[in-house]
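**Q** Quick one: structure below, then a few questions.
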Amino acid sequence: MNKDLFDNFTLGKIELSSRIIMAPLTRCRAINHNLPNELMATYYGQRAGAGLIIAEGTSPSPNGLGYTNIPGMYTEEHAALWKASTNAVHEKGGKIFLQLMHTGRVAHSDNLPKNAVVLGPSAIPQPGEISTYNLGKQPYPTPKAMTKEEVKQTIAEFIRSAKLSIEAGFDGVEIHCAHGYLPNQFINTASNQRTDEYGGSIENRCRFVLEIAQGMINEIGASKVGIRISPFSYADTEEDASIVQATYRYLTEELNKLGLVYVHLSHMGEPVPVKFELWKNIREIFKGTLILCGDFTKETAQTALLKNQADLIAFGRDFIANPDLVLRFQHNWPLAERNRKGWYGTSSKGYTDYPPFTQ
Ligand SMILES: Cc1cc2nc3c(=O)[nH]c(=O)nc-3n(C[C@H](O)[C@H](O)[C@H](O)COP(=O)(O)O)c2cc1C
């Protein structure tokens, strides 16, 4: 049967109104101590027409709040406040997952709450600079190499955060194992040089994220747990291609055994052929739902579905400027222009002020 972007789709135990997914987008609007708020609920409610919204990278721990004004999901208060967003989406018939993102070494102490720590698998800093609340741009600090106890503690934080997410009304969670954040830092030899069972071999480097996935499944069920990975994104450029391929094949085999509801493949960085070869391997290995994301248009998304390269297609930047993206695709209405201004602002400007299309 031919697949179409506008098909209904069963994802685990929920029904999506189309195969068009809103990708997770950090927007930095949690400006009061990382608490989710009504403005965010308005923004998500405006985008409830997506088949599924994957809400922005949200920290499962005080230690994971590496960027300014990103939201948290590690207290009962967070869960209670997130309900405004899940209600806003559900009231309009939409579905919403939450992406759980621990920034790990991609952080600065100036951005973290008091007593929180910049952690990483090893004491190796991320190259480059990060924006801070008070100090402008700063070089990434050298993270504290996590003790075994901190590893276990962080896994427990992810699992609790998944539980809180369900309490808050989310339909599921996405483990952010892409783009160089903490689970990705464990997978990558450039950031993980541990000599215990969380470093070294492929099995050991994948252990952190697999323990998180298993723990979440035990807590909220496999039908509510997805994962995002980005092999060969900029986070893997320091590694040998054959290591990256072998690592992600192994990881996908294990994710398949666990029965996660989806794997979400993110394309960022260079469009190197080896990346798309690996995507094919992952499609073959993983029997659950596959989401692709990165540089898709309506037309290329349709083609990817027709070629059975994926089940669902996620769109990022187009959902920022087009709250009614599904309708625009359906009716061939023009898309509003992408405007980077406001991506990471602190107000409603460039956030909730994009109107739906009018003829
Ligand atoms: C402003 C902005 C914020 C983003 N925040 C996140 C995030 O929190 N988590 C994540 O996994 N990816 C994040 N991404 C990446 C997007 O999810 C998506 O992969 C990327 O925009 C490519 O898709 P597109 O070509 O459809 O825009 C972000 C991208 C942008 C532009």
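Going through the structure tokens in order, the chains are called A, B, and so on, while each chain numbers its residues from 1 and the ligands are numbered from 1 in the order shown.
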Hey, which residues come within 6 Å of ligand 1 if we count only C-alpha atoms and all ligand atoms? Could you give them as a PyMOL selection string?
**A** chain A and resi 23-26+56-57+266+293-296+315-317+343
**Q** Range 132-237 of chain A: which residues are alpha helix (DSSP H) by DSSP, as an MDAnalysis selection string?
**A** chainID A and resid 148:167 182:187 202:220
**Q** Skipping near chain neighbours, those fewer than 4 positions away, what residues fall within 8 Å of range 336-342 of chain A using only C-alpha atoms, listed as an MDAnalysis selection string?
**A** chainID A and resid 317:318 320:322 346 349:351
**Q** For Leu210 in chain A, work out the shell of residues within 10 Å, counting only C-alpha atoms and skipping chain neighbours fewer than 3 positions away, then give it as a list of chain:residue names.
**A**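 After dropping sequence-adjacent residues, the list is A:Ile155, A:Pro183, A:Glu203, A:Asn204, A:Arg205, A:Cys206, A:Arg207, A:Ala213, A:Gln214, A:Gly215, A:Met216, A:Leu251, A:Glu254, A:Leu255, A:Leu258.
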**Q** Limited to C-alpha atoms, could you put the picked residues into a file as a PDB file, in the first residue's frame?
**A**
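Now in selection_22.pdb:
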ATOM      1  CA  ILE A 155      20.077   7.090  34.664  1.00  0.00           C
ATOM      2  CA  PRO A 183      23.813   9.898  25.985  1.00  0.00           C
ATOM      3  CA  GLU A 203      28.700  -2.506  24.146  1.00  0.00           C
ATOM      4  CA  ASN A 204      30.101  -0.426  26.993  1.00  0.00           C
ATOM      5  CA  ARG A 205      29.629   2.943  25.277  1.00  0.00           C
ATOM      6  CA  CYS A 206      26.003   2.094  24.470  1.00  0.00           C
ATOM      7  CA  ARG A 207      25.290   0.819  27.995  1.00  0.00           C
ATOM      8  CA  ALA A 213      15.749   2.978  27.757  1.00  0.00           C
ATOM      9  CA  GLN A 214      15.224  -0.249  29.689  1.00  0.00           C
ATOM     10  CA  GLY A 215      14.448   1.636  32.897  1.00  0.00           C
ATOM     11  CA  MET A 216      11.925   3.858  31.159  1.00  0.00           C
ATOM     12  CA  LEU A 251      22.709   0.186  19.220  1.00  0.00           C
ATOM     13  CA  GLU A 254      19.572  -3.568  21.003  1.00  0.00           C
ATOM     14  CA  LEU A 255      16.844  -0.919  20.675  1.00  0.00           C
ATOM     15  CA  LEU A 258      13.856  -3.608  23.697  1.00  0.00           C
TER      16      LEU A 258
END
**Q** Residues of range 119-301 of chain A in strand (DSSP E) according to DSSP, as a ChimeraX atom specification?
**A** /A:119-120,129-131,137-139,144-145,172-177,225-229,262-266,289-293
